[in-house]
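*Asks:* Got a structure for you, questions after.
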Amino acid sequence: MGDPLFWHRLQFGFTATYHYLFPQLTMGLALVIVIFKALGLRTGEARYSDAARFWIRIFGINFAVGVVTGIPLEFQFGTNWARFSQLSGGIIGQTLGMEGMFAFFLESSFLGLLIWGEKKLSPKGHFGAAVALWLGSWLSGYFIIATNAFMQHPTGFAVAADGTLQLTSFWAFLLNPWALGQYAHNMIAAVVTGSFVVAAVGAYWTLKGIHPVQANLNLRTGTIMGLVFSVLVAFPTGDIQGKLVAKHQPITLAAMEGRFESGPRAALTLIGQPDVTMHKIENPIKVPAVLSFIAFGTFSSNVKGLLEFPQDQWPQNIELLYYGFHIMAGLGTLMIGLMALAVFLLWRGKLATTRPLLWAVMLAVPFPYIATTAGWVVAEFGRQPWLIYGVLRTAQGSSPLVHAGHTAFTTLGFAGIFVVLSMLWLFLIGRELAHGPESPAH
Amino acid sequence: METLWFWLVSVMVAIYVVMDGFDFGAGILHLVVAKTNEERRQVLGAIGPLWDGNEVWLLAGGGSLFLAFPKVLASGFSGFYLAMWLVVWSLMLRGISIEFRSHVQDGLWRHFWDATFAVSSVLLPVLLGAALGNVLRGVPLDGTGYFSMPLWTDFQLGPQPGILDWYTVLIGVFALVTVAAHGALFLAWKTEGPVHLRAKHLAPRLWLLVLVVWVAASAATARVNPAILHNLPGAPLAWVAILLYLAGLGLVFVGLGRERFLLAFLGSGAFILGLLAASAACVFPVMLRSTLNPAFDLTALNASVGGHGLRTGLVWWLLGFPLALGYVAFLFRFHRGKVAAAEEGEGY
């Protein structure tokens with residue numbers, strides 16, 4: 001615990017994980033809002049603009065928390081990861097700077113117009129503000145993913161004589177294949193979070209028997225979008241992401257699966273507990289040859305095990321990596337099943353009266369959040385022991401003179417601030433839910 | 001190319017101070033110029049649609065610093081570790097207080113956020129001003145390019161100063177009164193009724209205070225970093241900047257005298273811009289001065305990434321900067337005219 005690196009990693013992991021609870025919803029909701037506003041414009045029906053208005057209020061609260069919890073992440077590059085910043089700033093500074101210039105200015109300019117501007121603007125103008133927020137937030141997502149992709153699979157750079165990383169090809173860096181794959185996977189996951197939240201609110205109102213028009217609209221929209229996007233998150237985007245890991249981070253793939261021995265027809269472990277010291281999975285339930293297929297597209301491919309690699313290149317926290325992957329994939333499967341059932345009943349006209357399933361849809365709200373967080377655990381623990389994969393080790397990226405007493409202090413400070421923010425968030429969201437959708441236009 | 005980026009970063013930072021400065025100023029004066037809930041909603045309504053965009057200048061400026069001079073960012077941010085986090089926490093609380101206040105119609109709820117908003121608005125310019133003070137005074141950078149400073153030691157300048165010593169606190173106070181005076185002009189321009197009258201009443205008094213603290217801060221700076229005066233004759237840009245801030249100051253008093261507050265507000269913007277530009281011109285090319293040995297200074301030349309990265313960055317910077325200015329123009333135009341308090345549930 002006296003090791004500064006421990007605190008640097010804890011603080012970044014903690015603040016980034018907490019932060020991302022909010023943007024994943026706002027990026028997903030931004031699309032939902034655009035869809036409702038577009039339908040409202042086309043049909044002229046009030047229920048669509050009423051729905052949009054309700055979600056814009058939820059969006060506003062989440063966006064505010066997302067903005068303030070995002071500020072510390074930008075600062076941590078310099079404060080906690082100074083050597084990493086010094087070496088790679090010429091490259092990742094590009095995407096972080098572009099995020100400010102092209103995404104944040106756009107978002108901040110239109111946020112107020114979206115939240116407070118419905119009366120001041122024409123319907124088309126208000127729709128335009130919704131589109132601007134959607135574009136801005138999704139653009140911001142790309143610059144962050146491209147930055148992360150450089151850490152996962154660096155492209156477009158060269159190491160200079162003084163050890164710093166120099167940009168050699170802007171487009172190779174910006175259009176990193178890893179970034180494209182991860183972006184698709186991540187943004188679709190954000191829409192899944194948004195859809196599940198919309199569906200859950202619809203289910204809640206249906207169960208309570210209140211706001212019937214809005215309950216129905218949200219339940220329909222949420223479950224249909226939820227099904228479409230939770231399928232897309234697995235296939236093709238999750239599949240693409242898996243193949244990228246298999247190709248560029250084979251050690252990570254082995255650790256995600258708790259696979260120690262190499263060999264063809266590799267089995268996929270569904271459940272089991274990895275025992276890293278004894279190099280085995282306890283109580284395994286496996287499906288033969290499926291891992292080979294997932295990783296390389298044929299059942300007979302050889303998938304390397306951890307023992308094939310030097311131990312100093314293994315991710316340090318194989319257990320968490322293993323569980324992160326299995327929780328993500330397991331919940332993802334469950335979510336597809338739940339939404340498929342809900343959409344089937346919707347099609348038969350029975351969803352609104354099937355109370356057990358409405359309960360399940362309502363209580364499933366945490367699943368996309370947990371699955372998304374678990375997915376990022378896989379990405380970030382899977383990257384270890386590297387900060388920039390194959391180029392810079394995490395231990396060599398932290399600030400040289402910042403000691404554990406500093407970072408423990410700020411980490412605890414964040415814990416306090418986040419407790420307060422969480423309480424405020426619960427309170428305000430609870431009020432909005434109780435308030436319901438049928439309020440006069442803002 | 002390095003020189004150009006030194007100026008691009010400086011311009012971004014200076015725009016940030018001018019823009020976020022007026023909403024800091026509104027926050028500093030919030031409890032003083034606005035007494036009733038109605039009046040406070042007027043203050044928040046005036047800065048509400050703008051503050052978030054104003055803060056983006058900090059992030060975009062930080063991004064530019066990161067991409068062009070990562071050594072300066074790495075050294076400065078980690079060296080000022082605790083002060084940086086005080087800044088971040090204040091920014092967080094301030095943002096939340098602006099955004100959350102209007103959600104609940106309750107006296108206690110709103111008093112709490114009004115106080116949080118005012119306190120964080122006071123802390124931020126003091127801390128950011130102290131940061132500028134540290135840059136002017138210098139920090140104990142050694143040959144590794146890093147330094148570490150406690151928040152304070154004995155408040156003396158000595159060889160191991162804290163982030164806060166008497167000089168940096170003085171610069172912090174200067175920043176505080178300057179943005180308060182800047183904010184008073186903004187409120188006098190954008191509001192009407194009692195808020196307008198109180199801001200109008202305060203503005204000339206605050207500007208006289210600015211003049212007094214300015215003289216003290218300038219004298220102290222000349223003592224702490226004599227190189228600045230030394231560089232002045234050979235820095236033609238500094239003379240342009242000096243003309244700019246003198247003209248700005250003139251406009252402030254002319255505007256105040258004729259009760260043309262937009263003119264005065266533009267003048268105070270020019271004053272802040274000119275002051276920062278003059279400082280930048282006089283320290284150039286030094287970005288982070290070492291108190292131990294001038295050879296350890298981080299400069300625009302030895303801290304830059306150089307080459308392809310800077311040229312690439314320039315291309316998108318030239319696309320993005322006019323776009324950002326366009327958004328600012330659009331927002332000011334859209335929200336033109338005096339701000340009245342919004343109806344409950346309809347705005348800040």
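Residue numbering restarts at 1 for every chain of the structure tokens, chains are lettered A, B, ... in their displayed order, and ligands are numbered from 1 as they appear.
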Starting from chain A, keep only residues with some atom at most 8 Å from an atom of chain B, counting only C-alpha atoms, and report them as an mmCIF file with N, CA and C atoms, in the first residue's frame.

*Replies:*
data_model
loop_
_atom_site.group_PDB
_atom_site.id
_atom_site.type_symbol
_atom_site.label_atom_id
_atom_site.label_comp_id
_atom_site.auth_asym_id
_atom_site.auth_seq_id
_atom_site.Cartn_x
_atom_site.Cartn_y
_atom_site.Cartn_z
ATOM 1 N N ILE A 61 -29.212 15.540 -16.231
ATOM 2 C CA ILE A 61 -28.620 15.222 -14.924
ATOM 3 C C ILE A 61 -27.384 14.341 -15.115
ATOM 4 N N ALA A 64 -24.425 16.281 -16.663
ATOM 5 C CA ALA A 64 -23.714 17.140 -15.710
ATOM 6 C C ALA A 64 -22.738 16.311 -14.872
ATOM 7 N N VAL A 65 -23.197 15.158 -14.380
ATOM 8 C CA VAL A 65 -22.289 14.322 -13.589
ATOM 9 C C VAL A 65 -21.159 13.792 -14.478
ATOM 10 N N VAL A 68 -18.499 16.652 -14.902
ATOM 11 C CA VAL A 68 -17.624 16.951 -13.758
ATOM 12 C C VAL A 68 -16.759 15.752 -13.381
ATOM 13 N N THR A 69 -17.246 14.518 -13.609
ATOM 14 C CA THR A 69 -16.375 13.381 -13.293
ATOM 15 C C THR A 69 -15.366 13.120 -14.413
ATOM 16 N N ILE A 71 -13.612 15.660 -15.900
ATOM 17 C CA ILE A 71 -12.500 16.609 -15.770
ATOM 18 C C ILE A 71 -11.276 15.952 -15.104
ATOM 19 N N PRO A 72 -11.462 15.237 -13.965
ATOM 20 C CA PRO A 72 -10.275 14.655 -13.322
ATOM 21 C C PRO A 72 -9.517 13.662 -14.209
ATOM 22 N N GLU A 74 -8.882 13.897 -17.419
ATOM 23 C CA GLU A 74 -7.953 14.646 -18.273
ATOM 24 C C GLU A 74 -6.726 15.079 -17.477
ATOM 25 N N PHE A 75 -6.966 15.475 -16.232
ATOM 26 C CA PHE A 75 -5.844 15.967 -15.426
ATOM 27 C C PHE A 75 -4.896 14.849 -15.005
ATOM 28 N N PHE A 77 -3.621 12.424 -16.528
ATOM 29 C CA PHE A 77 -2.501 12.153 -17.433
ATOM 30 C C PHE A 77 -1.249 12.858 -16.929
ATOM 31 N N GLY A 78 -1.397 14.134 -16.622
ATOM 32 C CA GLY A 78 -0.238 14.908 -16.193
ATOM 33 C C GLY A 78 0.117 14.697 -14.735
ATOM 34 N N THR A 79 -0.899 14.655 -13.860
ATOM 35 C CA THR A 79 -0.585 14.601 -12.431
ATOM 36 C C THR A 79 -0.049 13.237 -12.005
ATOM 37 N N ASN A 80 -0.696 12.161 -12.464
ATOM 38 C CA ASN A 80 -0.339 10.838 -11.964
ATOM 39 C C ASN A 80 0.496 10.015 -12.933
ATOM 40 N N TRP A 81 0.398 10.324 -14.218
ATOM 41 C CA TRP A 81 1.093 9.497 -15.216
ATOM 42 C C TRP A 81 2.033 10.386 -16.033
ATOM 43 N N ALA A 82 2.888 11.120 -15.317
ATOM 44 C CA ALA A 82 3.714 12.143 -15.964
ATOM 45 C C ALA A 82 4.695 11.544 -16.967
ATOM 46 N N ARG A 83 5.321 10.420 -16.614
ATOM 47 C CA ARG A 83 6.321 9.890 -17.554
ATOM 48 C C ARG A 83 5.654 9.355 -18.812
ATOM 49 N N SER A 85 2.881 10.613 -20.024
ATOM 50 C CA SER A 85 2.474 11.805 -20.767
ATOM 51 C C SER A 85 3.651 12.432 -21.488
ATOM 52 N N GLN A 86 4.774 12.484 -20.779
ATOM 53 C CA GLN A 86 5.951 13.113 -21.365
ATOM 54 C C GLN A 86 6.399 12.345 -22.608
ATOM 55 N N LEU A 87 6.353 11.007 -22.534
ATOM 56 C CA LEU A 87 6.825 10.204 -23.663
ATOM 57 C C LEU A 87 5.826 10.186 -24.818
ATOM 58 N N SER A 88 4.529 10.172 -24.511
ATOM 59 C CA SER A 88 3.565 9.931 -25.584
ATOM 60 C C SER A 88 2.666 11.136 -25.862
ATOM 61 N N GLY A 89 2.915 12.270 -25.171
ATOM 62 C CA GLY A 89 2.027 13.420 -25.337
ATOM 63 C C GLY A 89 1.901 13.888 -26.775
ATOM 64 N N GLY A 90 2.997 13.815 -27.536
ATOM 65 C CA GLY A 90 2.966 14.270 -28.927
ATOM 66 C C GLY A 90 1.969 13.483 -29.757
ATOM 67 N N ILE A 91 1.587 12.298 -29.251
ATOM 68 C CA ILE A 91 0.635 11.469 -29.993
ATOM 69 C C ILE A 91 -0.755 11.543 -29.363
ATOM 70 N N ILE A 92 -0.867 11.137 -28.090
ATOM 71 C CA ILE A 92 -2.220 11.120 -27.511
ATOM 72 C C ILE A 92 -2.724 12.540 -27.242
ATOM 73 N N GLY A 93 -1.811 13.517 -27.178
ATOM 74 C CA GLY A 93 -2.258 14.904 -27.066
ATOM 75 C C GLY A 93 -3.074 15.332 -28.282
ATOM 76 N N GLN A 94 -2.801 14.683 -29.422
ATOM 77 C CA GLN A 94 -3.570 15.006 -30.636
ATOM 78 C C GLN A 94 -5.036 14.682 -30.434
ATOM 79 N N LEU A 96 -6.648 13.979 -27.618
ATOM 80 C CA LEU A 96 -7.259 14.657 -26.475
ATOM 81 C C LEU A 96 -7.523 16.121 -26.812
ATOM 82 N N GLY A 97 -6.610 16.745 -27.555
ATOM 83 C CA GLY A 97 -6.825 18.127 -27.983
ATOM 84 C C GLY A 97 -7.992 18.223 -28.953
ATOM 85 N N MET A 98 -8.054 17.266 -29.875
ATOM 86 C CA MET A 98 -9.151 17.287 -30.850
ATOM 87 C C MET A 98 -10.487 17.060 -30.162
ATOM 88 N N GLU A 99 -10.492 16.259 -29.099
ATOM 89 C CA GLU A 99 -11.738 16.039 -28.371
ATOM 90 C C GLU A 99 -12.272 17.377 -27.846
ATOM 91 N N GLY A 100 -11.367 18.189 -27.284
ATOM 92 C CA GLY A 100 -11.778 19.497 -26.789
ATOM 93 C C GLY A 100 -12.296 20.372 -27.916
ATOM 94 N N MET A 101 -11.511 20.455 -29.005
ATOM 95 C CA MET A 101 -11.831 21.363 -30.101
ATOM 96 C C MET A 101 -13.097 20.965 -30.838
ATOM 97 N N PHE A 102 -13.232 19.683 -31.145
ATOM 98 C CA PHE A 102 -14.308 19.282 -32.056
ATOM 99 C C PHE A 102 -15.523 18.695 -31.347
ATOM 100 N N PHE A 104 -16.094 18.763 -27.428
ATOM 101 C CA PHE A 104 -16.582 19.453 -26.227
ATOM 102 C C PHE A 104 -17.204 20.808 -26.546
ATOM 103 N N PHE A 105 -16.619 21.549 -27.495
ATOM 104 C CA PHE A 105 -17.207 22.848 -27.836
ATOM 105 C C PHE A 105 -18.607 22.654 -28.421
ATOM 106 N N LEU A 106 -18.734 21.638 -29.256
ATOM 107 C CA LEU A 106 -20.029 21.345 -29.866
ATOM 108 C C LEU A 106 -21.052 20.983 -28.786
ATOM 109 N N SER A 108 -20.982 21.526 -25.479
ATOM 110 C CA SER A 108 -21.287 22.554 -24.485
ATOM 111 C C SER A 108 -22.131 23.666 -25.097
ATOM 112 N N SER A 109 -21.966 23.910 -26.414
ATOM 113 C CA SER A 109 -22.729 24.985 -27.032
ATOM 114 C C SER A 109 -24.198 24.617 -27.167
ATOM 115 N N LEU A 111 -25.829 22.021 -25.428
ATOM 116 C CA LEU A 111 -26.447 21.382 -24.266
ATOM 117 C C LEU A 111 -27.571 22.244 -23.689
ATOM 118 N N GLY A 112 -27.255 23.524 -23.444
ATOM 119 C CA GLY A 112 -28.255 24.419 -22.870
ATOM 120 C C GLY A 112 -29.464 24.546 -23.781
ATOM 121 N N LEU A 113 -29.207 24.578 -25.098
ATOM 122 C CA LEU A 113 -30.321 24.707 -26.047
ATOM 123 C C LEU A 113 -31.191 23.459 -26.046
ATOM 124 N N TRP A 116 -32.947 23.537 -22.183
ATOM 125 C CA TRP A 116 -33.845 24.641 -21.851
ATOM 126 C C TRP A 116 -34.459 25.299 -23.073
ATOM 127 N N GLN A 166 7.148 9.566 -31.298
ATOM 128 C CA GLN A 166 6.857 10.612 -32.281
ATOM 129 C C GLN A 166 5.798 10.118 -33.247
ATOM 130 N N LEU A 167 4.886 11.026 -33.568
ATOM 131 C CA LEU A 167 3.867 10.688 -34.553
ATOM 132 C C LEU A 167 4.534 10.573 -35.926
ATOM 133 N N THR A 168 4.281 9.451 -36.627
ATOM 134 C CA THR A 168 4.802 9.350 -37.988
ATOM 135 C C THR A 168 3.660 9.362 -38.998
ATOM 136 N N PHE A 170 -0.439 10.328 -38.974
ATOM 137 C CA PHE A 170 -1.645 10.760 -38.278
ATOM 138 C C PHE A 170 -2.802 9.815 -38.566
ATOM 139 N N SER A 399 4.089 9.196 -12.292
ATOM 140 C CA SER A 399 4.845 10.406 -11.975
ATOM 141 C C SER A 399 5.978 10.064 -11.014
ATOM 142 N N PRO A 400 7.195 10.511 -11.306
ATOM 143 C CA PRO A 400 8.330 10.052 -10.498
ATOM 144 C C PRO A 400 8.335 10.584 -9.067
ATOM 145 N N LEU A 401 7.835 11.793 -8.836
ATOM 146 C CA LEU A 401 8.012 12.396 -7.513
ATOM 147 C C LEU A 401 6.728 12.445 -6.688
ATOM 148 N N VAL A 402 5.634 11.989 -7.266
ATOM 149 C CA VAL A 402 4.384 11.996 -6.510
ATOM 150 C C VAL A 402 4.364 10.746 -5.632
ATOM 151 N N HIS A 406 0.483 11.462 -1.313
ATOM 152 C CA HIS A 406 -0.282 12.364 -2.176
ATOM 153 C C HIS A 406 -1.489 11.644 -2.770
ATOM 154 N N THR A 410 -5.678 11.999 -2.481
ATOM 155 C CA THR A 410 -6.623 12.403 -3.528
ATOM 156 C C THR A 410 -7.601 11.276 -3.854
ATOM 157 N N LEU A 428 -31.997 13.060 -7.445
ATOM 158 C CA LEU A 428 -32.571 13.806 -8.575
ATOM 159 C C LEU A 428 -33.233 12.891 -9.595
ATOM 160 N N HIS A 442 -40.515 22.307 -21.129
ATOM 161 C CA HIS A 442 -39.509 23.221 -20.585
ATOM 162 C C HIS A 442 -39.324 24.378 -21.533
#

*Asks:* Quick one: residues within 8 Å of segment 208-212 of chain B, only C-alpha atoms counted, chain neighbours fewer than 2 positions away excluded, as an MDAnalysis selection string?

*Replies:* chainID B and resid 174 177:178 181 204:206 214:216

*Asks:* From a DSSP calculation on the backbone, collect every residue of segment 269-434 of chain A in strand (DSSP E) and output the set as a ChimeraX atom specification.

*Replies:* /A:269-275,280-287,386-388,392-393

*Asks:* Just to be explicit: take each residue in the selection above, keep C-alpha atoms, and write the result as a short mmCIF file (atom, residue, chain, number, x, y, z; two decimals), in the first residue's frame.

*Replies:*
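After the write, out-v2.cif holds the following:
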data_model
loop_
_atom_site.label_atom_id
_atom_site.label_comp_id
_atom_site.auth_asym_id
_atom_site.auth_seq_id
_atom_site.Cartn_x
_atom_site.Cartn_y
_atom_site.Cartn_z
CA THR A 269 -14.77 -22.23 -20.45
CA LEU A 270 -18.27 -21.21 -19.42
CA ILE A 271 -17.81 -21.43 -15.67
CA GLY A 272 -14.89 -22.28 -13.42
CA GLN A 273 -12.40 -20.68 -11.05
CA PRO A 274 -8.85 -20.08 -12.24
CA ASP A 275 -6.06 -21.24 -9.95
CA LYS A 280 -5.60 -24.83 -13.94
CA ILE A 281 -9.31 -24.05 -13.90
CA GLU A 282 -11.25 -25.63 -11.04
CA ASN A 283 -14.78 -26.99 -11.52
CA PRO A 284 -14.79 -26.20 -15.23
CA ILE A 285 -17.76 -26.44 -17.56
CA LYS A 286 -16.38 -26.26 -21.09
CA VAL A 287 -17.58 -26.34 -24.67
CA TRP A 386 1.88 -2.62 -20.38
CA LEU A 387 0.72 0.97 -20.36
CA ILE A 388 1.35 1.17 -24.11
CA LEU A 392 5.97 1.13 -22.14
CA ARG A 393 5.31 -0.77 -18.94
#

*Asks:* Can you pull out every residue within 9 Å of Pro161 of chain B, counting only C-alpha atoms, but drop anything in the same chain fewer than 2 positions away, and send it as JSON, numbers by chain?

*Replies:* {"B": [139, 140, 149, 150, 152, 153, 154, 155, 156, 157, 158, 159, 163, 164, 165]}

*Asks:* Would you save the residues of that selection, restricted to N, CA and C atoms, as a JSON list (two decimals), in the first residue's frame?

*Replies:*
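Here's the written file selection-v2.json:
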[["chain", "number", "residue", "atom", "x", "y", "z"],
["B", 139, "VAL", "N", 10.14, 27.24, -10.35],
["B", 139, "VAL", "CA", 9.94, 26.08, -9.48],
["B", 139, "VAL", "C", 11.25, 25.32, -9.41],
["B", 140, "PRO", "N", 11.45, 24.48, -8.36],
["B", 140, "PRO", "CA", 12.76, 23.81, -8.21],
["B", 140, "PRO", "C", 12.96, 22.66, -9.19],
["B", 149, "MET", "N", 6.49, 19.96, -5.21],
["B", 149, "MET", "CA", 6.35, 21.06, -4.25],
["B", 149, "MET", "C", 5.20, 20.78, -3.31],
["B", 150, "PRO", "N", 5.40, 21.07, -2.01],
["B", 150, "PRO", "CA", 4.27, 21.00, -1.10],
["B", 150, "PRO", "C", 3.36, 22.20, -1.36],
["B", 152, "TRP", "N", 2.36, 24.43, 0.76],
["B", 152, "TRP", "CA", 3.02, 25.61, 1.30],
["B", 152, "TRP", "C", 4.16, 25.15, 2.20],
["B", 153, "THR", "N", 5.14, 26.00, 2.41],
["B", 153, "THR", "CA", 6.18, 25.74, 3.40],
["B", 153, "THR", "C", 6.06, 26.85, 4.44],
["B", 154, "ASP", "N", 6.90, 27.90, 4.29],
["B", 154, "ASP", "CA", 6.84, 28.99, 5.27],
["B", 154, "ASP", "C", 6.34, 30.28, 4.63],
["B", 155, "PHE", "N", 5.77, 30.15, 3.43],
["B", 155, "PHE", "CA", 5.25, 31.29, 2.67],
["B", 155, "PHE", "C", 6.35, 32.29, 2.29],
["B", 156, "GLN", "N", 7.62, 31.84, 2.39],
["B", 156, "GLN", "CA", 8.73, 32.68, 1.93],
["B", 156, "GLN", "C", 9.18, 32.20, 0.56],
["B", 157, "LEU", "N", 9.98, 33.04, -0.10],
["B", 157, "LEU", "CA", 10.40, 32.71, -1.45],
["B", 157, "LEU", "C", 11.54, 31.72, -1.50],
["B", 158, "GLY", "N", 12.36, 31.66, -0.45],
["B", 158, "GLY", "CA", 13.56, 30.83, -0.33],
["B", 158, "GLY", "C", 13.82, 29.78, -1.41],
["B", 159, "PRO", "N", 14.80, 28.93, -1.21],
["B", 159, "PRO", "CA", 15.13, 27.93, -2.23],
["B", 159, "PRO", "C", 14.08, 26.81, -2.35],
["B", 163, "ILE", "N", 3.93, 25.85, -3.13],
["B", 163, "ILE", "CA", 3.14, 26.34, -4.25],
["B", 163, "ILE", "C", 2.53, 27.69, -3.86],
["B", 164, "LEU", "N", 2.12, 27.77, -2.59],
["B", 164, "LEU", "CA", 1.62, 29.05, -2.08],
["B", 164, "LEU", "C", 2.70, 29.70, -1.22],
["B", 165, "ASP", "N", 3.21, 30.85, -1.67],
["B", 165, "ASP", "CA", 4.03, 31.69, -0.80],
["B", 165, "ASP", "C", 3.46, 33.10, -0.92]]

*Asks:* Suppose you want the space between atom CA of Phe22 of chain B and atom CA of His182 of chain B; what is it in Å?

*Replies:*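 That distance, rounded to one decimal, is 5.6 Å.
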
*Asks:* Record the distance separating atom CA of Lys124 of chain A and atom CA of Thr221 of chain A, expressed in Å with one decimal.

*Replies:*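 Value for the atom CA of Lys124 of chain A-atom CA of Thr221 of chain A distance: 22.0 Å.
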
*Asks:* Applying 12 Å and only C-alpha atoms, which residues near Ile210 of chain A remain after dropping the ones on its own chain fewer than 4 positions away? List them as a list in words.

*Replies:*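 Those residues are Val201, Gly202, Ala203, Tyr204, Trp205, Thr206, Gln214, Ala215, Asn216, Leu433, Ala434, His435, Gly436, Pro437 and Glu438 of chain A.
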
*Asks:* For the residues selected in the previous step, produce a file with C-alpha atoms as a PDB file, in the first residue's frame.

*Replies:*
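Result saved to result.pdb:
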ATOM      1  CA  VAL A 201     -38.760   2.862 -17.079  1.00  0.00           C
ATOM      2  CA  GLY A 202     -41.462   1.713 -19.489  1.00  0.00           C
ATOM      3  CA  ALA A 203     -41.791  -1.562 -17.560  1.00  0.00           C
ATOM      4  CA  TYR A 204     -41.953   0.302 -14.251  1.00  0.00           C
ATOM      5  CA  TRP A 205     -44.783   2.574 -15.378  1.00  0.00           C
ATOM      6  CA  THR A 206     -46.602  -0.387 -16.936  1.00  0.00           C
ATOM      7  CA  GLN A 214     -45.567   6.815 -22.300  1.00  0.00           C
ATOM      8  CA  ALA A 215     -45.218   3.460 -20.561  1.00  0.00           C
ATOM      9  CA  ASN A 216     -46.152   1.707 -23.760  1.00  0.00           C
ATOM     10  CA  LEU A 433     -39.070   9.246 -12.169  1.00  0.00           C
ATOM     11  CA  ALA A 434     -41.678  10.159  -9.589  1.00  0.00           C
ATOM     12  CA  HIS A 435     -42.430  13.325 -11.530  1.00  0.00           C
ATOM     13  CA  GLY A 436     -43.108  11.280 -14.641  1.00  0.00           C
ATOM     14  CA  PRO A 437     -43.298  12.327 -18.259  1.00  0.00           C
ATOM     15  CA  GLU A 438     -46.450  14.409 -18.474  1.00  0.00           C
TER      16      GLU A 438
END

*Asks:* Quick one: everything within 6 Å of segment 271-283 of chain B, counting only C-alpha atoms, minus sequence neighbours fewer than 2 positions away in the same chain. Send it as a list of chain:residue names.

*Replies:*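 Non-adjacent residues within range: B:Ala14, B:Ile228, B:Asn231, B:Leu232, B:Ala238, B:Ala241, B:Leu244, B:Tyr245, B:Gly248, B:Leu249, B:Ser268, B:Gly269, B:Val286.
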
*Asks:* To test your reading of the structure, identify every residue in segment 135-236 of chain A that backbone DSSP assigns to alpha helix (DSSP H), and report it as a ChimeraX atom specification.

*Replies:* /A:135-152,170-174,177-208,212-232

*Asks:* Which residues are close to Glu308 of chain A, i.e. within 10 Å by only C-alpha atoms, leaving aside same-chain residues fewer than 2 positions away? Reply as a list in words.

*Replies:* Ile251, Ala254, Phe260, Glu261, Ser262, Lys304, Gly305, Leu306, Pro310 and Gln311 of chain A

*Asks:* Given the selection you just returned, output its residues as a file containing N, CA and C atoms, formatted as an mmCIF file, in the first residue's frame.

*Replies:*
data_model
loop_
_atom_site.group_PDB
_atom_site.id
_atom_site.type_symbol
_atom_site.label_atom_id
_atom_site.label_comp_id
_atom_site.auth_asym_id
_atom_site.auth_seq_id
_atom_site.Cartn_x
_atom_site.Cartn_y
_atom_site.Cartn_z
ATOM 1 N N ILE A 251 -1.529 -13.156 -25.271
ATOM 2 C CA ILE A 251 -1.373 -13.479 -23.842
ATOM 3 C C ILE A 251 -2.650 -13.102 -23.104
ATOM 4 N N ALA A 254 -5.377 -15.645 -23.607
ATOM 5 C CA ALA A 254 -5.164 -16.821 -22.757
ATOM 6 C C ALA A 254 -5.581 -16.521 -21.319
ATOM 7 N N PHE A 260 -4.005 -22.213 -19.814
ATOM 8 C CA PHE A 260 -2.567 -22.307 -19.512
ATOM 9 C C PHE A 260 -1.815 -23.099 -20.575
ATOM 10 N N GLU A 261 -2.428 -24.202 -21.069
ATOM 11 C CA GLU A 261 -1.758 -25.036 -22.064
ATOM 12 C C GLU A 261 -2.184 -24.619 -23.473
ATOM 13 N N SER A 262 -1.260 -24.735 -24.422
ATOM 14 C CA SER A 262 -1.599 -24.446 -25.812
ATOM 15 C C SER A 262 -2.217 -25.683 -26.455
ATOM 16 N N LYS A 304 -2.910 -20.377 -28.150
ATOM 17 C CA LYS A 304 -1.788 -20.490 -27.226
ATOM 18 C C LYS A 304 -2.249 -20.312 -25.773
ATOM 19 N N GLY A 305 -1.608 -21.038 -24.877
ATOM 20 C CA GLY A 305 -1.882 -20.894 -23.451
ATOM 21 C C GLY A 305 -0.842 -20.004 -22.801
ATOM 22 N N LEU A 306 -1.106 -19.606 -21.559
ATOM 23 C CA LEU A 306 -0.208 -18.672 -20.863
ATOM 24 C C LEU A 306 1.208 -19.214 -20.732
ATOM 25 N N PRO A 310 6.624 -15.867 -21.503
ATOM 26 C CA PRO A 310 7.363 -15.609 -20.264
ATOM 27 C C PRO A 310 6.436 -14.987 -19.216
ATOM 28 N N GLN A 311 6.616 -15.376 -17.984
ATOM 29 C CA GLN A 311 5.668 -14.974 -16.948
ATOM 30 C C GLN A 311 5.675 -13.469 -16.707
#

*Asks:* Taking into account only C-alpha atoms, which residue in the set A:Ala52, A:Leu307, A:Leu180, A:Ala199 is nearest to Leu39 of chain A?

*Replies:* A:Ala52

*Asks:* Between atom CA of Ala184 of chain B and atom CA of Ser90 of chain B, what is the distance, to one decimal in Å?

*Replies:*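 Between atom CA of Ala184 of chain B and atom CA of Ser90 of chain B the gap is 21.1 Å.
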
*Asks:* Rank B:Val126, B:Val224, B:Leu4, B:Leu266 by their smallest atom-to-atom distance to Ala180 of chain B, using only C-alpha atoms, and report the top residue only.

*Replies:*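 Smallest distance to Ala180 of chain B is found for B:Val126.
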
*Asks:* Excluding Ile327 of chain A and residues on its chain fewer than 3 positions from it, collect all residues at most 12 Å away from it, counting only C-alpha atoms, and give them as JSON, numbers by chain.

*Replies:* {"A": [256, 257, 270, 271, 272, 320, 321, 322, 323, 324, 330, 331, 332, 333, 334, 335, 367, 368, 369, 370, 371, 372, 373, 374, 375, 376, 377, 378]}
